[in-house]
Structures are given as C-alpha cells and as structure tokens.
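Notes to accompany the following structure.
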Amino acid sequence: MLRRSFLATGLFAMPVAALAQGHSHNHAPGPNGGVIGEMGASHVELVARAGELRIYVLDAQDRPVSASGAAGSVIVQAQGRQQTVRLEAGEGNGFLVGRGDFPARGLRVVATLTLPGQPQRSVRFAAIP
Amino acid sequence: MLRRSLCAVLIALGLAGTARSHEGHGDEAPVAASALPRVEAESEAFELVGVLQPGGVLLIYLDRWADNAPVDGAVTVTIDRQEVAAARQGIGILALRHPRLAQPGCIDLIFSIAAGEEMDLLTATLQIPEPPASAVPVHGWLDALREAPMLLAAGLGLLLAGLVLGRLSVPRALPPMVEDEPLVAPSPVAVVKPAKLPARVAGILLLIAAAPSMAQTSVAEPPRRMDDGTVFMPKPSQRLLVIRTQVAAPGDALATTQLVGSLTPDPNASGRVQPSQSGRLEPGERGLPTLGQRVERGQVLAYVTPSYTASERGTLAQNAAELDAQITILAARVSRLTTLRGSVSDREISEAQAELAGARQRRAAIQPALSGREPLLAPVSGTVSLVRAALGQIVDNQQAVFEIVDPDRLWVEALAFDRISIDAIAGASATLGDGRSVELEFVGRGLTVRQQAVPLNFRVVNPPPDVAVGAPVVVLLRSRRQVEGIILPAEAVVRSAEGPPIVFEHTSGERFAPRPVRVLPLDGARVVITAGVNPGARIVTQGANLIAQVR
C-alpha cells in the first residue's frame with residue numbers, strides 16, 4: 001500500500017527542483033574592476049587584493065551604492081585552505097571589507113550577506129583564476 | 001498443518017497491513033504535497049544535488065560537472081553559520097543530518113567541497129515545504145471496526161467456518177494393517193511442532209516489526225519524461241545506469257562516405273585444397289584436419305585414392321600384364337645377348353637394353369594409377385576454415401575439400417555505387433557487425449562494373465582474431481574534405497520516437513533535454529554533429545539509449 005502510494009506520488013507529483021544558484025554566469029567586470037555576484041535580484045561586486053577583500057553593493061544599474069547597514073562574512077578558499085572572514089564597514093561606508101591571510105589570485109569566495117531590509121543570503125563569486 | 005500456517009500468514013498480513021497503514025499516514029502526506037525537496041548547485045568542476053529525505057536527512061550526490069562521474073570527496077555544509085560535515089555513504093554519496101532540515105522554510109546552504117587537491121565552494125537554497133495541515137483525520141483500523149461491524153463479523157465468521165471445515169476434513173490415520181508394528185509416525189510430528197512454531201511466530205513478528213522500518217528507507221523516485229519533453233532522472237538512477245557526459249567541443253573531421261562490403265581472405269594468403277581426380281578420401285598421418293586447425297604450407301592434409309570403373313581398371317590391369325610379359329622377354333634377351341658379347345654387335349646389345357628400360361619406365365608410369373594415391377597438400381600456411389571431408393568419401397575433382405585462410409591477412413571488398421575518385425580517399429575504416437572498428441588500407445579498385453557498382457579492395461590493418469570471412473561490414477571512406485562539427489562517440493546519438501536522431505543534453509543536475517541533431521558518420525566509433533548542439537553543452541555519451549527509453 002505504502003509502496004503504491006509512493007509510486008503514485010512519484011508519478012503525479014512533479015519533483016520541484018530548487019533553483020540552481022551556483023551556476024557561474026559570465027558577467028562583465030564590475031564598476032570597480034571586480035567580479036559580479038548575484039544575490040537574488042541584486043548584484044554585489046567582489047574586489048580581491050592580497051590580504052583584503054572588498055564587497056561593493058550595487059544597484060539595479062550596477063552602480064555602487066552605500067553599504068551602510070550591510071553586514072556579513074565571507075568564506076575564502078585559497079591554496080587548499082578554507083577560512084571564514086568577518087566583514088566590516090569600509091571607509092565612508094562605501095563597501096564592506098574583510099582582511100585575512102590570502103593571496104589576490106586563485107580564490108573561491110562565498111559571501112553571506114545581510115543587506116538592510118533583506119533576509120540573509122549567500123552569494124557565490126566566480127572563481128578568480 | 002498447511003492450512004494452519006496459511007491462517008497464520010493471513011493474520012500476519014492483516015496485522016502488518018494495519019500496522020503499515022497506521023504508520024504510513026505519518027510520513028506519506030508530505031510526499032504527496034510535493035516530491036522530495038531538492039537542491040542543486042554546480043561549478044566548473046563539480047555538480048551537487050541534494051535530496052531531502054522524509055526523515056530530515058539531506059542525501060548529497062557529488063559528481064564531476066563535465067563527465068557526471070561520481071566524486072569521492074568530503075563535503076562540509078554551512079547551515080545557519082554552523083559547519084556540519086556530511087557523512088560519507090559511498091562514492092559520491094553523503095548524508096547530512098541537521099535539526100534545521102526538519103523545519104519548513106528556506107535555508108541557505110554553503111557547500112564546501114574537498115576532493116583530493118580540488119576544493120570548491122557552492123551555494124544553494126533549499127526550500128522545505130510546510131507539512132500539510134493534519135486536517136486529514138487519522139483513519140485507523142479501530143475506526144474501520146467501529147464503522148462496519150457487520151462486515152468484520154461476517155469476515156470473522158467465514159474465517160472460523162473455514163477453520164472448522166479444515167479441521168473436519170483433516171485425513172485421519174487409517175487403522176493399522178499390521179497390529180504388532182509400533183507407531184513411530186506421530187513422534188517426529190510431535191518433535192517438529194514445537195520447534196517450528198516459535199520460528200514461525202518469530203518470522204511473523206519480524207515481518208510486523210520490519211514493515212514500518214521499511215517505510216523509513218529512502219524514497220525511490222522513478223525517472224520520468226516531463227511535459228516539455230525533457231527527462232527527469234534522479235541521481236540514483238543516473239548512478240545505476242552509469243550516465244556519462246562530455247562537454248561538446250568543436251573540432252574538424254574528415255568527411256566520410258559509407259559503403260557496404262564484406263570480409264574476404266587475402267588471395268595470396270588463402271587457398272583451396274582440391275583433388276585433381278575423383279577418388280576416395282583417406283586421412284593423412286594425423287587424421288583429417290579440423291576446423292580452426294593451424295596448418296603449414298606443404299603439409300599433407302589427406303590422400304585421395306583414385307577410383308576407376310571396372311573397364312578402366314581392366315584396361316589398366318591388361319596393360320600392366322602385357323608390359324610385365326614384355327619386360328620378362330626383353331630382360332631374357334638382354335641377358336642372352338650380353339653373354340654373347342664379342343659375337344654380336346654392341347649396337348644390338350644397347351638397343352635391347354634401351355627397349356628394356358623403356359618398358360620398365362612405362363610399367364612404372366602406370367603403377368600409381370593402379371595402387372598410388374594423391375596427397376592433398378596445404379597450399380598456404382593458415383587456419384582451416386572449411387572442411388568438406390569424411391573418411392571414405394568419394395570426392396570429385398575440382399571439389400574444394402578444404403579451405404585455408406590466414407587470419408592475419410584479411411581483405412575487405414566493398415561496392416562503391418557512386419563515383420569515388422581514388423585520389424580523394426584519405427583513409428578508410430570498417431565497422432564490424434558487433435560495432436568494433438578496424439582500420440583499412442586501400443589496395444585498389446576494379447574497372448569492371450559488378451552489380452552496377454565498382455568493387456574496391458581494402459586490406460585490414462590489424463584484423464581481430466575472431467572475425468569471420470564473408471561477414472558483412474560497413475566501410476567508411478574518409479575523403480580529404482574537412483567538415484566542422486562536434487565529435488562525439490557514436491552511442492551518444494539515439495533515434496527519437498519521432499525518427500530523427502537526437503542527443504541528450506545534461507541541462508541541470510537531474511534534467512536531460514533531447515536535442516535534434518544533424519549527424520555525419522566519422523568512423524565506426526565516432527560521429528560528427530554538424531548542427532543542433534552548442535559548444536560547451538554537456539552531451540550524454542554513455543547511457544543515452546537508456547534515457548531515451550524513459551516515458
């Protein structure tokens with residue numbers, strides 16, 4: 001009885017696949033020359049330097065807006081090592097900044113951000129070669 | 001006894017049924033609302049699919065993005081700022097347990113993958129649906145008892161009636177025919193009974209206990225074709241059917257033409273064994289050769305003893321007798337003349353000797369016809385591929401008794417129906433009946449049209465040891481003209497139900513989309529797709545025919 005009902009549900013209920021977020025779209029470089037990440041409908045930009053990561057919040061036209069009220073952290077994979085870095089407000093609230101021990105190249109970055117008035121979201125950036 | 005066990009099984013089934021239906025109502029409903037919640041994430045290296053099982057366990061399937069092969073890696077998942085390591089269940093299968101997974105809502109998951117030297121970070125959002133409101137009244141077997149007591153009573157009455165009937169119709173032991181034999185028969189029954197009964201009860205209890213636990217195991221989702229024509233194939237099915245993909249990359253290939261041909265032996269490395277006259281077959285020193293036997297050139301395979309009619313034999317015997325008589329006379333004459341040497345001339349003596357020698361030669365010439373036999377020799381070294389011989393058989397002259405083929409030297413003869421200029425042949429290969437491909441070397445073409453076609457000869461470069469002469473092959477001629485396209489294995493292309501050839505594109509973790517394509521054959525194992533597939537798409541190269549069968 002149970003098996004038949006499972007079969008029936010399998011046949012009639014359409015498996016709902018959650019939206020794949022991780023797929024790397026090829027975005028043009030952002031206004032600050034960084035990598036664009038999709039966060040729901042809005043975009044954020046990641047600029048990587050040695051030992052420093054900056055995340056800019058962009059508006060609908062991909063222009064930087066103030067990052068005040070935004071908070072979060074980033075997970076960085078580099079040179080076979082993974083570390084979590086807390087983000088702080090950058091100078092003039094123009095961006096969020098995280099500092100750690102990582103190079104500027106060969107990074108894989110996922111940021112967990114809370115923008116003002118929005119729930120916490122994760123955003124994956126295309127790998128920086 | 002049988003009847004009683006039947007009763008027990010019936011009761012057990014009834015109990016198990018109620019137990020399962022009772023248990024089933026708990027976890028059945030969420031599945032009915034929507035199939036298992038799942039999450040997909042992919043990067044250039046990995047593809048990850050997570051399926052939330054009814055018990056709040058997220059089964060994670062980790063595969064390589066490009067070829068869909070399972071990856072034996074470690075996955076750590078960040079849920080609500082908590083890092084949880086997924087437990088390895090098998091190659092590329094991990095199970096994640098977290099209390100948050102049992103609560104409805106939207107969860108952001110960050111997968112941190114480490115597989116050997118490679119590392120990656122993936123993000124995905126898992127939607128866990130609300131469990132449906134428990135408005136559905138629990139309809140247990142007690143309710144059934146309450147609702148239909150008459151039915152139940154009638155059923156029980158029938159059961160009791162059956163039991164009584166069975167008890168009454170048990171065959172009774174007949175009165176013993178021999179008085180003094182002690183009855184031994186009942187004692188084993190009495191011994192067996194208590195031994196079997198606990199086992200049976202234990203089995204029934206096990207069945208009842210196992211029924212709900214069986215319901216808890218992971219749900220098998222069948223692959224199915226969606227309304228838009230794509231195929232939904234869950235990861236377990238993909239693993240089972242060993243679905244593999246390849247990223248479509250454009251390339252250049254030589255245009256090919258297909259011809260129909262067949263395998264023939266190399267005329268310089270094959271031969272027939274035929275007797276020159278009819279006669280009776282006799283075995284060689286090692287008996288008649290058998291099929292597949294290796295023979296060397298010049299080896300005696302059999303003998304043929306000539307057979308004659310009675311008149312032929314009579315004439316021969318008569319000639320022999322005449323010659324024998326003549327030889328006797330001539331020998332006597334030679335000996336007489338030699339004793340008279342000096343009185344007779346030397347010329348006379350030498351004439352008589354020459355006559356004797358001539359008569360002896362004639363006698364020797366007809367001797368093999370009387371008693372000799374003709375050896376059948378292997379004309380080439382090779383393998384015996386045909387035997388039409390039986391001991392004592394009368395064989396005709398010009399009848400092939402054996403055929404010998406060198407399996408290392410085979411040719412292909414193909415018929416070209418359209419004009420093919422030999423200059424344009426850049427290479428050739430042949431596809432055998434079982435799909436194997438062998439490389440060919442062009443030898444030459446005939447100028448005489450046969451069956452409206454021009455015969456072409458090819459040498460097989462490395463013939464497989466198990467091919468058969470005469471087997472049909474498909475010859476693929478590569479011309480010097482280049483075609484651009486995506487080169488894929490031939491098994492990637494399947495026939496759709498409508499007819500045109502299609503390939504399946506792996507569009508997302510568990511989706512396969514059919515793509516109609518234009519295909520040109522490349523060689524036996526590969527095809528070139530000139531239209532229908534975009535470079536960079538993941539095309540199923542293994543198991544495409546199994547995906548095509550999903551309805």
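Following the order of the structure tokens, chains are lettered A, B, ..., residues in each are numbered from 1, and ligands are numbered from 1.
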Requested in this report: May I have the residues of chain B within 6 Å of chain A, counting only C-alpha atoms, written as a list in words?
Outcome: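 Filtering chain B at 6 Å from chain A with only C-alpha atoms gives Ala32, Ser34, Ala35, Arg38, Val39, Glu40, Ala41, Glu42, Ser43, Leu122, Thr123, Ala124 and Glu221 of chain B.
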Report task. Considering only C-alpha atoms, return as a PyMOL selection string whatever protein or nucleic-acid residues lie within 6 Å of Leu301 (chain B), sequence-local ones (same chain, fewer than 4 positions apart) excluded. Result -> chain B and resi 284+376-377
Query raised in the report: Mind checking DSSP for region 61-92 of chain A and telling me the strand (DSSP E or B) residues as a list in words?
Result: Pro64, Val65, Ala71, Gly72, Ser73, Val74, Ile75, Val76, Gln77, Ala78, Arg81, Gln82, Gln83, Thr84, Val85, Arg86, Glu88 and Ala89 of chain A
Query - For region 90-95 of chain A: contacts at 10 Å, only C-alpha atoms, fewer than 4 positions along chain excluded, given as a PyMOL selection string - result: chain A and resi 45-46+53-58+64-70
Selected residues written out with C-alpha atoms, as a short mmCIF file (atom, residue, chain, number, x, y, z; two decimals), in the first residue's frame:
data_model
loop_
_atom_site.label_atom_id
_atom_site.label_comp_id
_atom_site.auth_asym_id
_atom_site.auth_seq_id
_atom_site.Cartn_x
_atom_site.Cartn_y
_atom_site.Cartn_z
CA GLU A 45 30.84 43.12 -6.57
CA LEU A 46 33.94 41.48 -5.13
CA LEU A 53 38.53 41.54 0.10
CA ARG A 54 36.12 44.36 -0.67
CA ILE A 55 32.46 43.84 -1.38
CA TYR A 56 30.53 46.65 -3.04
CA VAL A 57 26.75 46.70 -3.07
CA LEU A 58 25.37 47.60 -6.49
CA PRO A 64 27.88 51.23 -6.32
CA VAL A 65 25.61 52.37 -3.52
CA SER A 66 26.26 52.89 0.15
CA ALA A 67 26.90 49.74 2.11
CA SER A 68 25.72 51.15 5.40
CA GLY A 69 23.63 48.69 7.35
CA ALA A 70 25.03 45.75 5.45
#
Requested in this report: Identify, on the basis of only C-alpha atoms, every residue whose closest approach to Glu484 (chain B) does not exceed 7 Å; exclude the query and any residue fewer than 6 positions from it along the same chain; express the result as a PyMOL selection string.
Outcome: chain B and resi 251-253+530
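By chain and then residue number, the residues within 10 Å of Ala426 (chain B) are Leu254, Ala255, Thr256, Ile422, Glu441, Phe442, Leu477, Arg478, Ser479, Arg480 and Arg481 of chain B, counting only C-alpha atoms and disregarding those fewer than 4 positions away in sequence.
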If we count only C-alpha atoms and set the cut-off at 8 Å, which residues sit around Glu403 (chain B), ignoring sequence neighbours fewer than 4 positions away in its own chain? Please answer as a PDB file with N, CA and C atoms, in the first residue's frame.
ATOM      1  N   SER B 270      45.483 -17.302 -48.866  1.00  0.00           N
ATOM      2  CA  SER B 270      44.382 -18.224 -48.635  1.00  0.00           C
ATOM      3  C   SER B 270      44.393 -19.228 -49.778  1.00  0.00           C
ATOM      4  N   GLY B 271      43.786 -20.337 -49.584  1.00  0.00           N
ATOM      5  CA  GLY B 271      43.813 -21.323 -50.653  1.00  0.00           C
ATOM      6  C   GLY B 271      42.760 -22.386 -50.471  1.00  0.00           C
ATOM      7  N   ARG B 272      42.527 -23.102 -51.584  1.00  0.00           N
ATOM      8  CA  ARG B 272      41.602 -24.220 -51.548  1.00  0.00           C
ATOM      9  C   ARG B 272      42.387 -25.485 -51.814  1.00  0.00           C
ATOM     10  N   VAL B 273      41.940 -26.558 -51.220  1.00  0.00           N
ATOM     11  CA  VAL B 273      42.566 -27.850 -51.454  1.00  0.00           C
ATOM     12  C   VAL B 273      41.592 -28.670 -52.281  1.00  0.00           C
ATOM     13  N   VAL B 384      42.487 -23.700 -41.040  1.00  0.00           N
ATOM     14  CA  VAL B 384      41.479 -24.411 -41.827  1.00  0.00           C
ATOM     15  C   VAL B 384      40.131 -23.760 -41.538  1.00  0.00           C
ATOM     16  N   SER B 385      39.515 -23.231 -42.582  1.00  0.00           N
ATOM     17  CA  SER B 385      38.257 -22.523 -42.354  1.00  0.00           C
ATOM     18  C   SER B 385      37.078 -23.259 -42.960  1.00  0.00           C
ATOM     19  N   LEU B 386      37.321 -24.292 -43.723  1.00  0.00           N
ATOM     20  CA  LEU B 386      36.210 -25.059 -44.282  1.00  0.00           C
ATOM     21  C   LEU B 386      36.678 -26.498 -44.423  1.00  0.00           C
ATOM     22  N   VAL B 387      35.858 -27.413 -43.985  1.00  0.00           N
ATOM     23  CA  VAL B 387      36.162 -28.843 -44.121  1.00  0.00           C
ATOM     24  C   VAL B 387      34.937 -29.504 -44.730  1.00  0.00           C
TER      25      VAL B 387
END
